[in-house]
Each structure stands twice: as structure tokens, then as C-alpha cells.
$ cat run29.txt   # compact mmCIF, C-alpha atoms
# COMPACT_ATOMS: atom_id res chain seq x y z
CA MET A 1 4.13 37.35 -15.70
CA MET A 2 6.34 40.26 -14.71
CA TYR A 3 9.12 38.01 -13.35
CA SER A 4 11.22 35.21 -14.77
CA GLU A 5 11.77 31.97 -12.85
CA LYS A 6 15.29 33.13 -12.09
CA GLU A 7 13.96 36.33 -10.60
CA ILE A 8 11.50 34.42 -8.43
CA TRP A 9 14.40 32.32 -7.12
CA SER A 10 16.23 35.47 -6.08
CA ILE A 11 13.09 36.83 -4.43
CA LEU A 12 12.87 33.61 -2.42
CA GLU A 13 16.47 34.08 -1.30
CA GLU A 14 15.16 36.94 0.81
CA VAL A 15 13.19 34.47 2.97
CA GLU A 16 15.15 33.53 6.08
CA ASP A 17 15.08 30.16 7.74
CA PRO A 18 13.05 30.97 10.89
CA GLU A 19 15.32 28.91 13.15
CA ILE A 20 18.68 29.81 11.56
CA PRO A 21 17.99 33.28 10.11
CA ILE A 22 21.54 33.64 8.79
CA ILE A 23 20.63 31.15 6.07
CA ASN A 24 17.85 31.59 3.54
CA VAL A 25 15.39 28.91 2.48
CA VAL A 26 16.99 28.50 -0.96
CA GLU A 27 20.47 27.85 0.49
CA MET A 28 18.92 25.37 2.93
CA GLY A 29 17.56 23.38 0.01
CA ILE A 30 13.99 23.75 1.25
CA VAL A 31 12.79 25.35 -1.99
CA ARG A 32 12.78 22.56 -4.55
CA GLY A 33 11.25 24.22 -7.56
CA VAL A 34 9.73 27.31 -9.11
CA LYS A 35 7.40 26.98 -12.07
CA ILE A 36 5.60 29.70 -13.96
CA ASN A 37 2.47 28.78 -15.86
CA GLU A 38 1.34 31.95 -17.59
CA GLU A 39 0.18 34.13 -14.68
CA ASN A 40 0.52 31.51 -11.95
CA VAL A 41 3.63 30.77 -9.88
CA GLU A 42 4.08 27.40 -8.25
CA VAL A 43 6.71 27.10 -5.53
CA THR A 44 7.58 23.61 -4.30
CA ILE A 45 9.04 23.21 -0.83
CA THR A 46 10.08 20.19 1.24
CA PRO A 47 10.48 19.85 5.01
CA THR A 48 13.88 19.14 6.57
CA TYR A 49 12.22 16.88 9.16
CA SER A 50 8.63 15.54 9.10
CA GLY A 51 7.79 17.39 12.28
CA CYS A 52 9.73 20.55 11.52
CA PRO A 53 7.70 23.26 13.28
CA ALA A 54 9.18 25.93 11.00
CA MET A 55 7.40 24.73 7.85
CA LYS A 56 4.23 26.74 8.46
CA THR A 57 6.26 29.91 9.08
CA ILE A 58 8.35 29.27 5.96
CA GLU A 59 5.20 28.85 3.88
CA ASP A 60 3.69 32.04 5.34
CA ASP A 61 6.91 33.98 4.79
CA ILE A 62 7.11 32.86 1.15
CA ALA A 63 3.49 33.85 0.62
CA GLU A 64 4.14 37.22 2.20
CA ILE A 65 7.14 38.09 0.07
CA LEU A 66 5.37 36.99 -3.14
CA ARG A 67 2.45 39.25 -2.26
CA GLU A 68 4.85 42.09 -1.49
CA LYS A 69 6.28 41.68 -4.98
CA LYS A 70 2.74 41.91 -6.36
CA ILE A 71 2.54 38.26 -7.32
CA GLY A 72 -1.01 37.49 -6.32
CA ASN A 73 -1.49 34.27 -8.17
CA PHE A 74 0.69 31.62 -6.57
CA HIS A 75 0.52 28.17 -5.10
CA ILE A 76 2.92 26.69 -2.53
CA LYS A 77 3.16 22.94 -2.73
CA THR A 78 4.81 20.72 -0.09
CA VAL A 79 6.41 17.48 -1.27
CA LEU A 80 8.08 14.67 0.70
CA SER A 81 10.03 13.14 -2.16
CA PRO A 82 12.87 13.33 -2.90
CA ALA A 83 13.51 13.53 0.83
CA TRP A 84 15.50 16.53 2.00
CA THR A 85 19.13 15.84 2.63
CA THR A 86 21.96 17.89 4.12
CA ASP A 87 23.79 17.25 0.83
CA TRP A 88 21.61 19.97 -0.70
CA MET A 89 22.96 22.68 1.55
CA THR A 90 25.23 24.95 -0.43
CA ASP A 91 28.86 25.49 0.58
CA VAL A 92 28.03 29.13 1.24
CA ALA A 93 25.32 27.99 3.65
CA LYS A 94 27.75 25.65 5.40
CA GLU A 95 30.25 28.47 5.88
CA LYS A 96 27.52 30.71 7.24
CA LEU A 97 26.55 28.01 9.71
CA ARG A 98 30.13 27.76 10.93
CA SER A 99 30.38 31.52 11.31
CA THR A 100 27.31 31.52 13.54
CA GLY A 101 28.71 28.79 15.81
CA ILE A 102 26.97 25.75 14.30
CA ALA A 103 29.19 23.00 12.91
CA PRO A 104 28.00 22.13 9.37
CA PRO A 105 27.31 18.51 8.32
CA GLU A 106 30.64 16.71 7.78
CA GLN A 107 29.69 13.79 5.57
CA THR A 108 27.21 12.91 2.91
CA SER A 109 24.00 11.32 4.03
CA GLY A 110 24.75 8.16 2.03
CA ASP A 111 27.72 7.21 4.21
CA LYS A 112 27.19 3.68 5.48
CA GLY A 113 28.70 4.24 8.92
CA LEU A 114 26.00 6.73 9.78
CA LEU A 115 23.49 4.22 11.11
CA MET A 116 26.09 2.66 13.35
CA GLY A 117 26.92 6.04 14.81
CA LYS A 118 30.31 6.32 13.12
CA VAL A 119 30.33 10.03 12.60
CA ARG A 120 33.42 11.59 11.07
CA ASP A 121 35.33 13.94 13.29
CA VAL A 122 33.28 17.05 13.75
CA SER A 123 35.41 20.16 14.00
CA CYS A 124 34.65 22.86 16.53
CA PRO A 125 33.12 25.89 14.78
CA ARG A 126 35.08 28.22 17.08
CA CYS A 127 38.65 26.88 17.36
CA ARG A 128 38.49 24.31 14.50
CA SER A 129 39.84 21.57 16.76
CA LYS A 130 38.83 18.04 15.80
CA ASN A 131 39.11 16.94 19.40
CA THR A 132 35.36 17.03 19.97
CA GLN A 133 32.85 14.80 21.65
CA LEU A 134 29.20 13.93 20.99
CA ILE A 135 27.00 14.78 23.95
CA SER A 136 23.62 13.95 22.45
CA GLN A 137 22.28 13.05 19.00
CA PHE A 138 19.45 15.47 19.65
CA GLY A 139 20.05 19.18 20.08
CA THR A 140 18.27 22.51 20.14
CA THR A 141 16.22 21.76 17.03
CA ALA A 142 15.27 18.54 15.23
CA CYS A 143 18.12 19.00 12.76
CA LYS A 144 20.97 19.40 15.25
CA ALA A 145 23.08 17.28 17.60
CA LEU A 146 24.90 18.54 20.66
CA TYR A 147 28.73 18.43 20.82
CA LYS A 148 31.46 19.71 23.06
CA CYS A 149 34.96 20.81 22.14
CA ASN A 150 37.60 19.17 24.34
CA ASP A 151 40.14 21.90 23.55
CA CYS A 152 38.30 25.21 23.91
CA LEU A 153 35.67 23.51 26.13
CA ASP A 154 32.78 25.21 24.36
CA PRO A 155 29.59 23.25 23.75
CA PHE A 156 28.22 23.65 20.23
CA ASP A 157 25.46 22.53 17.88
CA TYR A 158 26.25 20.21 15.00
CA PHE A 159 23.94 20.17 12.00
CA LYS A 160 23.52 16.45 11.62
CA CYS A 161 23.49 14.59 8.33
CA ILE A 162 20.27 13.16 7.05
CA MET B 163 -6.82 -3.22 -2.64
CA THR B 164 -9.91 -1.10 -2.02
CA ASN B 165 -9.82 2.53 -1.06
CA ASP B 166 -11.22 1.64 2.37
CA GLN B 167 -8.45 -0.90 2.93
CA LEU B 168 -5.77 1.61 1.96
CA PHE B 169 -7.35 4.12 4.34
CA GLU B 170 -7.25 1.55 7.12
CA TYR B 171 -3.64 0.63 6.34
CA THR B 172 -2.61 4.29 6.45
CA VAL B 173 -4.53 4.99 9.66
CA ARG B 174 -2.74 2.11 11.40
CA LEU B 175 0.62 3.65 10.50
CA ALA B 176 -0.59 7.09 11.52
CA ASP B 177 -1.95 5.87 14.86
CA ASN B 178 1.30 4.12 15.75
CA ALA B 179 3.15 7.37 15.11
CA LEU B 180 0.58 9.52 16.90
CA ILE B 181 0.22 7.43 20.05
CA LEU B 182 3.95 6.78 20.42
CA GLY B 183 4.53 10.50 19.86
CA GLN B 184 1.96 11.29 22.55
CA ARG B 185 3.54 8.85 25.00
CA LEU B 186 7.04 10.25 24.41
CA SER B 187 5.70 13.79 24.82
CA GLU B 188 4.71 12.88 28.36
CA TRP B 189 8.43 12.97 29.16
CA CYS B 190 8.62 16.65 28.22
CA GLY B 191 9.95 18.42 31.30
CA HIS B 192 10.40 15.09 33.15
CA GLY B 193 13.46 13.58 31.42
CA PRO B 194 16.17 12.21 33.72
CA VAL B 195 18.67 14.75 32.33
CA LEU B 196 18.19 17.73 30.04
CA GLU B 197 19.76 16.02 27.00
CA GLU B 198 17.40 13.07 27.32
CA ASP B 199 14.41 15.32 27.73
CA ILE B 200 15.40 16.96 24.45
CA ALA B 201 16.12 13.63 22.74
CA LEU B 202 12.74 12.14 23.60
CA THR B 203 10.77 15.23 22.68
CA ASN B 204 12.65 15.44 19.38
CA THR B 205 11.75 11.81 18.73
CA ALA B 206 8.15 12.63 19.65
CA LEU B 207 8.19 15.57 17.23
CA ASP B 208 9.36 13.33 14.38
CA GLN B 209 6.57 10.86 15.20
CA LEU B 210 3.93 13.57 15.30
CA GLY B 211 5.19 15.04 12.03
CA GLN B 212 4.98 11.62 10.42
CA ALA B 213 1.48 11.16 11.84
CA THR B 214 0.43 14.50 10.33
CA ASN B 215 1.69 13.49 6.88
CA LEU B 216 -0.15 10.16 7.11
CA PHE B 217 -3.41 11.64 8.41
CA LYS B 218 -3.40 14.27 5.64
CA PHE B 219 -3.13 11.52 3.08
CA ALA B 220 -5.76 9.37 4.85
CA ALA B 221 -8.15 12.33 4.93
CA GLU B 222 -7.76 12.80 1.17
CA LEU B 223 -8.39 9.10 0.60
CA GLU B 224 -11.49 9.17 2.73
CA GLY B 225 -12.85 12.25 1.00
CA LYS B 226 -15.45 12.98 3.65
CA GLY B 227 -14.18 16.44 4.49
CA ARG B 228 -12.32 15.38 7.63
CA ASP B 229 -8.83 16.81 8.02
CA GLU B 230 -5.71 15.52 9.80
CA ASP B 231 -6.66 17.15 13.10
CA GLN B 232 -10.13 15.65 13.14
CA LEU B 233 -8.68 12.22 12.46
CA ALA B 234 -6.13 12.65 15.24
CA PHE B 235 -8.37 14.17 17.86
CA LEU B 236 -12.00 13.32 17.23
CA ARG B 237 -12.23 9.56 16.92
CA ASP B 238 -13.28 7.16 19.64
CA VAL B 239 -11.07 4.53 21.17
CA THR B 240 -12.08 1.55 18.99
CA GLU B 241 -11.38 3.59 15.84
CA TYR B 242 -7.70 3.86 16.75
CA LYS B 243 -5.65 1.11 15.11
CA ASN B 244 -2.22 1.38 16.71
CA ILE B 245 -0.48 -1.71 18.06
CA LEU B 246 -0.64 -2.28 21.83
CA LEU B 247 3.11 -1.77 22.35
CA VAL B 248 2.97 1.97 21.66
CA GLU B 249 0.07 2.68 24.02
CA LEU B 250 1.66 1.09 27.07
CA PRO B 251 2.50 3.53 29.87
CA ASN B 252 6.04 4.92 29.82
CA GLY B 253 7.02 3.31 33.13
CA ASP B 254 10.57 4.16 34.17
CA TYR B 255 13.24 5.35 31.75
CA ALA B 256 14.41 1.81 31.08
CA ASN B 257 10.90 0.81 30.06
CA THR B 258 10.52 3.81 27.73
CA ILE B 259 13.91 3.07 26.14
CA ALA B 260 13.24 -0.66 25.73
CA ARG B 261 9.90 0.07 24.04
CA GLN B 262 11.59 2.63 21.76
CA PHE B 263 14.37 0.20 20.91
CA PHE B 264 11.96 -2.63 20.00
CA TYR B 265 9.74 -0.32 18.01
CA SER B 266 12.46 1.69 16.23
CA THR B 267 14.23 -1.49 15.12
CA TYR B 268 10.97 -2.78 13.64
CA TYR B 269 9.99 0.60 12.21
CA TYR B 270 13.37 1.06 10.55
CA LEU B 271 13.07 -2.30 8.78
CA PHE B 272 9.42 -1.65 7.94
CA LEU B 273 10.12 1.77 6.40
CA ARG B 274 13.10 0.43 4.47
CA GLU B 275 10.71 -2.01 2.76
CA LEU B 276 7.89 0.52 2.46
CA SER B 277 10.23 2.88 0.60
CA LYS B 278 10.10 0.32 -2.24
CA SER B 279 6.28 0.55 -2.32
CA LYS B 280 4.62 1.04 -5.68
CA HIS B 281 2.39 3.62 -4.05
CA GLU B 282 3.78 7.08 -4.67
CA PHE B 283 2.80 8.61 -1.33
CA LEU B 284 3.71 5.60 0.83
CA SER B 285 7.17 5.30 -0.69
CA ALA B 286 7.82 9.05 -0.38
CA PHE B 287 6.63 8.98 3.23
CA ALA B 288 8.88 6.02 3.99
CA GLU B 289 11.95 7.50 2.31
CA LYS B 290 11.53 10.67 4.35
CA SER B 291 10.76 9.03 7.70
CA LEU B 292 13.52 6.43 7.44
CA LYS B 293 16.15 9.14 7.84
CA GLU B 294 14.59 10.23 11.11
CA VAL B 295 14.07 6.75 12.49
CA LYS B 296 17.78 5.94 12.04
CA TYR B 297 18.46 8.46 14.78
CA HIS B 298 15.70 7.06 17.03
CA TRP B 299 17.22 3.63 16.66
CA GLN B 300 20.72 4.84 17.36
CA HIS B 301 19.61 6.74 20.45
CA SER B 302 17.56 3.91 21.95
CA SER B 303 20.09 1.17 21.18
CA ASP B 304 22.89 3.25 22.75
CA TRP B 305 20.87 3.51 25.93
CA VAL B 306 20.05 -0.19 26.00
CA LYS B 307 23.80 -0.86 25.95
CA ARG B 308 24.54 1.80 28.53
CA MET B 309 21.90 0.56 30.94
CA GLY B 310 22.51 -3.14 30.36
CA ASP B 311 26.25 -2.81 30.78
CA GLY B 312 25.92 -0.15 33.47
CA THR B 313 25.23 -0.56 37.16
CA GLU B 314 23.46 -3.47 38.81
CA GLU B 315 20.39 -1.27 39.23
CA SER B 316 20.28 -0.12 35.58
CA HIS B 317 20.92 -3.68 34.37
CA THR B 318 18.07 -5.07 36.49
CA ARG B 319 15.66 -2.39 35.34
CA ILE B 320 16.31 -2.67 31.61
CA GLN B 321 16.17 -6.47 31.78
CA LYS B 322 12.84 -6.26 33.59
CA ALA B 323 11.51 -3.88 30.92
CA ILE B 324 12.69 -6.16 28.11
CA ASN B 325 11.04 -9.19 29.69
CA PHE B 326 7.79 -7.31 30.30
CA LEU B 327 7.55 -5.78 26.81
CA TRP B 328 8.50 -8.91 24.90
CA GLU B 329 4.91 -10.20 24.86
CA TYR B 330 3.91 -7.02 23.05
CA THR B 331 6.45 -7.31 20.22
CA GLY B 332 4.66 -10.09 18.34
CA GLU B 333 1.90 -7.85 17.04
CA MET B 334 4.40 -5.92 14.88
CA PHE B 335 4.99 -9.00 12.74
CA MET B 336 1.39 -10.19 12.36
CA MET B 337 -0.44 -10.01 9.06
CA ASP B 338 -4.20 -9.76 8.57
CA ALA B 339 -6.47 -9.28 5.57
CA ILE B 340 -5.64 -5.59 5.25
CA ASP B 341 -1.87 -6.14 5.44
CA GLN B 342 -2.25 -8.94 2.92
CA ALA B 343 -4.24 -6.77 0.52
CA ALA B 344 -1.62 -4.01 0.78
CA LEU B 345 1.15 -6.52 0.14
CA GLU B 346 -0.60 -8.03 -2.86
CA ALA B 347 -1.19 -4.58 -4.36
CA GLY B 348 2.54 -3.91 -4.12
CA TYR B 349 1.84 -1.09 -1.64
CA GLY B 350 2.50 -2.66 1.74
CA VAL B 351 5.12 -4.63 3.60
CA ASP B 352 5.30 -8.31 4.54
CA ASN B 353 5.62 -7.92 8.33
CA THR B 354 6.39 -11.58 8.94
CA ALA B 355 9.45 -11.32 6.70
CA LEU B 356 10.95 -8.68 9.02
CA LYS B 357 11.00 -10.87 12.11
CA ASN B 358 14.29 -12.67 11.43
CA GLU B 359 16.30 -9.55 10.79
CA TRP B 360 14.66 -7.86 13.78
CA ASN B 361 15.64 -10.80 15.97
CA ASN B 362 19.23 -10.63 14.75
CA ILE B 363 19.57 -6.91 15.45
CA ILE B 364 17.90 -7.15 18.86
CA SER B 365 19.99 -10.16 19.80
CA ALA B 366 23.27 -8.46 18.79
CA ILE B 367 22.53 -5.33 20.83
CA LEU B 368 21.26 -7.24 23.87
CA ASN B 369 24.34 -9.41 23.73
CA GLU B 370 26.59 -6.37 23.69
CA ALA B 371 24.55 -4.95 26.56
CA THR B 372 25.05 -8.18 28.58
CA LEU B 373 21.28 -8.71 28.60
CA GLU B 374 19.21 -11.84 28.10
CA MET B 375 16.91 -12.12 25.11
CA PRO B 376 13.51 -13.55 26.11
CA ALA B 377 12.15 -16.58 24.27
CA ASP B 378 9.16 -16.15 21.96
CA GLY B 379 5.90 -17.38 23.41
CA TRP B 380 2.41 -16.04 23.60
CA PHE B 381 1.91 -12.51 22.21
CA HIS B 382 -0.68 -9.85 22.92
CA LYS B 383 -2.64 -8.53 19.95
CA GLY B 384 -5.75 -6.53 19.13
CA GLY B 385 -4.70 -2.90 18.71
CA LYS B 386 -4.69 -3.17 14.92
CA ILE B 387 -8.38 -3.97 14.94
CA GLY B 388 -9.27 -1.44 17.59
CA ARG B 389 -9.21 -3.73 20.62
CA HIS B 390 -7.05 -1.82 23.05
CA SER B 391 -5.71 -2.13 26.55
CA GLU B 392 -7.26 -0.16 29.40
CA HIS B 393 -4.51 2.46 28.95
CA MET B 394 -5.81 3.72 25.62
CA GLY B 395 -8.85 5.53 27.02
CA PHE B 396 -6.66 7.46 29.42
CA ILE B 397 -4.34 8.58 26.63
CA LEU B 398 -7.28 9.84 24.60
CA ALA B 399 -8.83 11.57 27.59
CA GLU B 400 -5.71 13.68 27.90
CA MET B 401 -4.92 14.04 24.21
CA GLN B 402 -8.44 14.92 23.09
CA PHE B 403 -9.46 17.08 26.02
CA LEU B 404 -8.94 20.42 24.33
CA GLN B 405 -10.52 19.56 20.98
CA LYS B 406 -13.53 17.93 22.62
CA THR B 407 -14.07 20.75 25.09
CA TYR B 408 -13.54 23.52 22.55
CA PRO B 409 -14.38 21.97 19.17
CA GLY B 410 -12.37 23.45 16.33
CA ALA B 411 -10.04 25.38 18.65
CA LYS B 412 -7.01 26.70 16.78
CA TRP B 413 -3.53 27.33 18.11
$ encode --input "run29.txt" --output "C-alpha cells"
Amino acid sequence: MMYSEKEIWSILEEVEDPEIPIINVVEMGIVRGVKINEENVEVTITPTYSGCPAMKTIEDDIAEILREKKIGNFHIKTVLSPAWTTDWMTDVAKEKLRSTGIAPPEQTSGDKGLLMGKVRDVSCPRCRSKNTQLISQFGTTACKALYKCNDCLDPFDYFKCI
Amino acid sequence: MTNDQLFEYTVRLADNALILGQRLSEWCGHGPVLEEDIALTNTALDQLGQATNLFKFAAELEGKGRDEDQLAFLRDVTEYKNILLVELPNGDYANTIARQFFYSTYYYLFLRELSKSKHEFLSAFAEKSLKEVKYHWQHSSDWVKRMGDGTEESHTRIQKAINFLWEYTGEMFMMDAIDQAALEAGYGVDNTALKNEWNNIISAILNEATLEMPADGWFHKGGKIGRHSEHMGFILAEMQFLQKTYPGAKW
């Protein structure tokens, strides 16, 4: 094998999330593992949501970049467990989200209040005000909720915790 | 538990997700407001994604070369094993929300137990899906409160939906030989054990919503063994049209 596992990881960092292209699939926590067995590379990925329509594109994009790097012998495996959680998103990814106008997840997925809808104050990605209001738990993609800022009056997406 | 029984158990779960997902998809472009249109289609997407995961696993179990699409689109009505509740027509928004509230409350409790399954796939599936269903529950219970404690019109409509759908809730908690086999193998869930907690959650939300909780009485059943209402054929006619007219058509 001409690449180390570490090098494969950095190759995968070139694959953008198809719905939020500012973030790559490694930062999103979608790539769960890279294993090299002699000449074969196994990449394990996990969906953010069961019905995430981007998974097929992500798989195709990973395959394409591996082929580009002359890795012909690979296998992309999808696993459901452990279930993807927003806790896996790196801090860099969260900052990138904010810079693109999407409020990053504010709490860890284990927080008990979550089921009862007790979301911590979400701060506006534009003016940072905490005076914001939930409009809908479901937003532009499966992973986002819709909020509005009561100070700058801008509506924005919030990447919800799961 | 035999392989055939596990297949059947999985197909029941998959069909509930598929048919509810199909029903919710009917709201696409028809939601009362844009946010609700998006909320219901997102919920539908989660259900369809879950159905895909289950059908993939069922297809592997069966080992007859069928894939998830063939299982979803090329069976006949009596081969579908979803409960009757999920195949009922959407009705008005109150009816859709009441159905979603009853089902999501059950499904949340069911998945919570299934995540403790000794079966590797079933527990992984449950752990994953549970996170999504939390949001379905939150959304539908919020709307039950809003409509119940809203205007006279919204209150009347959601109460009517709750009364009508109640007779369809019993099937969720029934156990038959297949459920029993899954339970004994350590794979499945004891549905009857969920009823108390379900009642408590439903009662608390209805109370907050100033709505009356119907009394238990006679319950409809049959979907789990392929005996469906007259609505099922119409769902399949629409859902299967493309695959039956152009077999093997790809997106």
C-alpha cells in the first residue's frame, strides 16, 4: 500500500459534505474508520440521519477521490452503530458552520432536557444575540431546525443535536 | 426464533415505517404552512430511511436475491404487515397529527426497548432511529397541545381525531407468536409492557391540551398478519405504480 492510514484520512478530508460544502466528511464525523489490510482499504461511514439523501453522494465522492489517488482496491462500509451524534463534530467544524450562517449544536446529545424540548439558548450566528426563537424543529435539511433572531431579525438554521 | 420469523418481525417494522412515510409524503406541497410541510416531509424522510435500513437487512435474511426496493415496491397487499393505524388516510391536519402523536409515543418506547436487543442489527437500528423519533414525538405532541388548547375549531377537530383513532391504537400493544418468539430470543420487545407508560404520556399531554382521553374498548387489528383496511390497496396503487409499470426503473 502506497499510503498510510493517516494519509488516507487526509485524503478523505478533501471530500465535502454535499449539503454543507464548507465542512468535510471527516470533520462531520461521518467517516468512522480507515483500515488497511495489505492492498485493500476499508472506509467505514455512518449516516447522520437514517434517511439522509446525501449518503449516496458521499459514498460516490469517497470512491472517486480514492480512485483519483490510484487506490483501486477499496471497500466502503456503512454502519449504523454507534449512532452518529453531533458530539462528534469537531470545534473547527462548528466554527465553520457559524461562519456560514448556521448555528452549531449548543449542547451534547445526552442532555436530558432534549426530549422535552428544553433547548439551551441558541445564539444567532450573525449578531451572536441569545435572544432567539425556535420557529420549527425541522429546517432545510433533516439535520437542521429553523430559528429566528429577535434582535437582528434574521432567520437562521440551527444544526440540531442528536 | 427461526430465520423466517425474524424476517417477518423485521418486515413488520419496515412496513410500519414505509407506509407511515408514504402517508406523510402525501402532505408534500400541501402542508397548512411552509414550516409544517417541511416538518412532515422530514419526518417522512426519517421513516423511509429507517424502512430502507430494515428492508436491506430483511433482504439479507431472506437470501432470495430480492433487494430493499423489491421488498418495498413489488409485494402484494396481503404481504404487507404494517399495523392498521399507519395506513389510515391522512384526513385533516388534526387527524395526521393525532396519528403521529399516538404512533411516535409508542415507537419511541418501542425503540428504547429494542435498543437493548441482543440482536446486533436490531439494537443498532433502534439506537439510530430513536434519536430521530424523539423529534417526531416532540413535534406531534407540541401540535396536540396547540390545537387542543387553541381555538374552538382546532379543539373540536383534534378531539374528533383522537376519538376516531383510539380504536386503532390497541394493535400496537398486541403480541402474537412472532412477537413472542422474538421476545423469547432476546431480540424483540414486549409490546404489552409498553401500554402503561404510553397511557401515562398520552394522558399527560392530552390533559395539558385540555383534551379528553378516550376509554379503552374494542380495538381494530389485522394489519400485522396482512389483513388490511380498504385503504391499503389505494396506497399501493400509487406507491407501486412506477415500479410495476416500468420494472427495475432507476432514478
$ closest_atom_pairs --input "run29.txt" --of "chain B" --to "chain A" --cutoff "10 Å" --atoms "all atoms listed in the file" --output "CSV"
residue,atom,partner,partner_atom,distance
B:Glu197,CA,A:Ser136,CA,6.3
B:Glu198,CA,A:Ser136,CA,7.9
B:Asp199,CA,A:Phe138,CA,9.5
B:Ile200,CA,A:Phe138,CA,6.5
B:Ala201,CA,A:Phe138,CA,4.9
B:Leu202,CA,A:Phe138,CA,8.5
B:Thr203,CA,A:Phe138,CA,9.2
B:Asn204,CA,A:Ala142,CA,5.8
B:Thr205,CA,A:Ala142,CA,8.4
B:Ala206,CA,A:Gly51,CA,8.8
B:Leu207,CA,A:Gly51,CA,5.3
B:Asp208,CA,A:Gly51,CA,4.8
B:Gln209,CA,A:Gly51,CA,7.3
B:Leu210,CA,A:Gly51,CA,6.2
B:Gly211,CA,A:Gly51,CA,3.5
B:Gln212,CA,A:Ser50,CA,5.5
B:Ala213,CA,A:Ser50,CA,8.8
B:Thr214,CA,A:Gly51,CA,8.1
B:Asn215,CA,A:Ser50,CA,7.6
B:Glu282,CA,A:Ser81,CA,9.1
B:Phe283,CA,A:Leu80,CA,8.3
B:Ser285,CA,A:Ser81,CA,8.5
B:Ala286,CA,A:Ser81,CA,5.0
B:Phe287,CA,A:Leu80,CA,6.4
B:Ala288,CA,A:Leu80,CA,9.3
B:Glu289,CA,A:Ala83,CA,6.4
B:Lys290,CA,A:Ala83,CA,4.9
B:Ser291,CA,A:Ser50,CA,7.0
B:Leu292,CA,A:Ile162,CA,9.5
B:Lys293,CA,A:Ile162,CA,5.8
B:Glu294,CA,A:Tyr49,CA,7.3
B:Val295,CA,A:Leu115,CA,9.9
B:Lys296,CA,A:Leu115,CA,6.0
B:Tyr297,CA,A:Gln137,CA,7.3
B:His298,CA,A:Gln137,CA,9.1
B:Trp299,CA,A:Leu115,CA,8.4
B:Gln300,CA,A:Gly117,CA,6.8
B:His301,CA,A:Gln137,CA,7.0
B:Ser303,CA,A:Met116,CA,10.0
B:Asp304,CA,A:Gly117,CA,9.3
$ residues_around --input "run29.txt" --residues "B:Asp177" --least-positions-apart "4" --cutoff "8 Å" --atoms "only C-alpha atoms" --output "VMD selection string"
chain B and resid 173 181 213 234 242 to 244
$ residues_around --input "run29.txt" --residues "B:Phe326" --least-positions-apart "2" --cutoff "10 Å" --atoms "all atoms listed in the file" --output "number ranges by chain"
B: 257, 260-261, 320-324, 328-330, 376
$ axis_aligned_box --input "run29.txt" --around "stretch 15-21 of chain A" --padding-each-side "6 Å" --output "lines of an AutoDock Vina configuration file"
center_x = 15.9
center_y = 31.7
center_z = 8.1
size_x = 17.6
size_y = 17.6
size_z = 22.2
$ atom_distance --input "run29.txt" --atom1 "atom CA of B:Trp360" --atom2 "atom CA of B:Glu188"
27.2 Å
$ atom_distance --input "run29.txt" --atom1 "atom CA of A:Ala54" --atom2 "atom CA of A:Gly101"
20.3 Å
$ atom_distance --input "run29.txt" --atom1 "atom CA of A:Thr100" --atom2 "atom CA of A:Lys148"
15.7 Å
$ residues_around --input "run29.txt" --residues "A:Asp91" --least-positions-apart "3" --cutoff "12 Å" --atoms "all atoms listed in the file" --output "list in words"
Ile23, Glu27, Met28, Gly29, Thr86, Asp87, Trp88, Lys94, Glu95, Lys96, Leu97, Arg98, Pro104, Pro105 and Glu106 of chain A
$ decode --input "run29.txt" --residues "stretch 223-228 of chain B" --atoms "all heavy atoms" --output "PDB file, in the first residue's frame"
ATOM      1  N   LEU B 223     -31.509 -11.481   5.184  1.00  0.00           N
ATOM      2  CA  LEU B 223     -32.036 -12.627   5.924  1.00  0.00           C
ATOM      3  C   LEU B 223     -32.704 -13.625   5.001  1.00  0.00           C
ATOM      4  O   LEU B 223     -32.544 -14.826   5.122  1.00  0.00           O
ATOM      5  CB  LEU B 223     -33.113 -12.151   6.914  1.00  0.00           C
ATOM      6  CG  LEU B 223     -32.724 -11.686   8.302  1.00  0.00           C
ATOM      7  CD1 LEU B 223     -33.979 -11.283   9.043  1.00  0.00           C
ATOM      8  CD2 LEU B 223     -31.997 -12.780   9.070  1.00  0.00           C
ATOM      9  N   GLU B 224     -33.501 -13.064   4.081  1.00  0.00           N
ATOM     10  CA  GLU B 224     -34.271 -13.914   3.186  1.00  0.00           C
ATOM     11  C   GLU B 224     -33.358 -14.680   2.238  1.00  0.00           C
ATOM     12  O   GLU B 224     -33.596 -15.860   1.959  1.00  0.00           O
ATOM     13  CB  GLU B 224     -35.264 -13.050   2.400  1.00  0.00           C
ATOM     14  CG  GLU B 224     -36.263 -13.871   1.627  1.00  0.00           C
ATOM     15  CD  GLU B 224     -37.129 -13.009   0.700  1.00  0.00           C
ATOM     16  OE1 GLU B 224     -36.594 -12.102   0.046  1.00  0.00           O
ATOM     17  OE2 GLU B 224     -38.331 -13.290   0.618  1.00  0.00           O
ATOM     18  N   GLY B 225     -32.338 -13.968   1.740  1.00  0.00           N
ATOM     19  CA  GLY B 225     -31.356 -14.612   0.870  1.00  0.00           C
ATOM     20  C   GLY B 225     -31.897 -15.154  -0.432  1.00  0.00           C
ATOM     21  O   GLY B 225     -31.422 -16.167  -0.956  1.00  0.00           O
ATOM     22  N   LYS B 226     -32.953 -14.526  -0.962  1.00  0.00           N
ATOM     23  CA  LYS B 226     -33.501 -14.998  -2.225  1.00  0.00           C
ATOM     24  C   LYS B 226     -33.182 -14.036  -3.370  1.00  0.00           C
ATOM     25  O   LYS B 226     -33.821 -14.052  -4.413  1.00  0.00           O
ATOM     26  CB  LYS B 226     -35.022 -15.139  -2.114  1.00  0.00           C
ATOM     27  CG  LYS B 226     -35.443 -16.314  -1.243  1.00  0.00           C
ATOM     28  CD  LYS B 226     -36.955 -16.481  -1.269  1.00  0.00           C
ATOM     29  CE  LYS B 226     -37.402 -17.543  -0.251  1.00  0.00           C
ATOM     30  NZ  LYS B 226     -38.830 -17.399   0.063  1.00  0.00           N
ATOM     31  N   GLY B 227     -32.256 -13.147  -3.122  1.00  0.00           N
ATOM     32  CA  GLY B 227     -31.835 -12.232  -4.183  1.00  0.00           C
ATOM     33  C   GLY B 227     -32.719 -11.000  -4.323  1.00  0.00           C
ATOM     34  O   GLY B 227     -32.497 -10.191  -5.219  1.00  0.00           O
ATOM     35  N   ARG B 228     -33.736 -10.870  -3.448  1.00  0.00           N
ATOM     36  CA  ARG B 228     -34.532  -9.640  -3.508  1.00  0.00           C
ATOM     37  C   ARG B 228     -33.765  -8.527  -2.798  1.00  0.00           C
ATOM     38  O   ARG B 228     -33.052  -8.795  -1.839  1.00  0.00           O
ATOM     39  CB  ARG B 228     -35.890  -9.828  -2.806  1.00  0.00           C
ATOM     40  CG  ARG B 228     -36.837 -10.723  -3.587  1.00  0.00           C
ATOM     41  CD  ARG B 228     -38.279 -10.437  -3.199  1.00  0.00           C
ATOM     42  NE  ARG B 228     -38.659 -11.088  -1.935  1.00  0.00           N
ATOM     43  CZ  ARG B 228     -39.916 -11.055  -1.473  1.00  0.00           C
ATOM     44  NH1 ARG B 228     -40.872 -10.417  -2.132  1.00  0.00           N
ATOM     45  NH2 ARG B 228     -40.216 -11.664  -0.330  1.00  0.00           N
TER      46      ARG B 228
END
